Amino acid sequence: MTFGLGDTRVSARAEWLIEQIVATGSLVVRELGASRAGEMAVHRFLSSPYSSVEGIVETLGARTAQQCVGRRVVAIQDTSEVNFKGRAAKRRGLGPGGNGKDPGFFLHPVIAVDVEEEAVIGLVGAQIWT
């Protein structure tokens, strides 16, 4: 399945990025890129007008749904706060965190877990807000 992000180059970059996340087990841009050029490619993808949080979540949810076929699955959800207290200088687009003053955002993901293997299958959906 390809990312339905409106541009084949952006979709190809999204596929590469998912492969990097799986291979490295990281979400740190510097580690995902593996080089300065790779790091810049990640930044370009994330800032592209063709990529969006909604498009990424929707595509990953569809991939997860395919992987869930024929399995006993439980959906697990939780809400987390990501707070940038003391590290807010270059952060943009954030609202107040849980304490009402430090910049941050909230994330409410839903993941699918195989009941028998106790293995994470993937992301079902996510809500992100500031």
# chains A, B, ... in the order shown; residues from 1 in each chain; ligands from 1
>>> select_by_dssp(residues="segment 5-127 of chain A", states="strand (DSSP E)", output="PyMOL selection string")
chain A and resi 73-77+80-83+95-96+103-114+119-127
>>> select_by_dssp(residues="chain A", states="alpha helix (DSSP H)", output="count of residues only")
50
>>> residues_around(residues="Pro49 of chain A", least_positions_apart="2", cutoff="12 Å", atoms="only C-alpha atoms", output="number ranges by chain")
A: 5-7, 10, 44-47, 51-53, 55
>>> closest_residue(among="A:Leu27, A:Leu107, A:Ala126, A:Ala34", to="Thr59 of chain A", atoms="only C-alpha atoms")
A:Ala126
>>> residues_around(residues="Gln77 of chain A", least_positions_apart="3", cutoff="8 Å", atoms="only C-alpha atoms", output="list in words")
His108, Pro109, Val110 and Ile111 of chain A
>>> write_last_selection(atoms="C-alpha atoms", output="CSV table (one decimal), in the first residue's frame")
chain,number,residue,atom,x,y,z
A,108,HIS,CA,-4.3,10.2,21.9
A,109,PRO,CA,-3.2,7.1,19.8
A,110,VAL,CA,-5.1,3.9,19.4
A,111,ILE,CA,-2.9,0.8,18.6
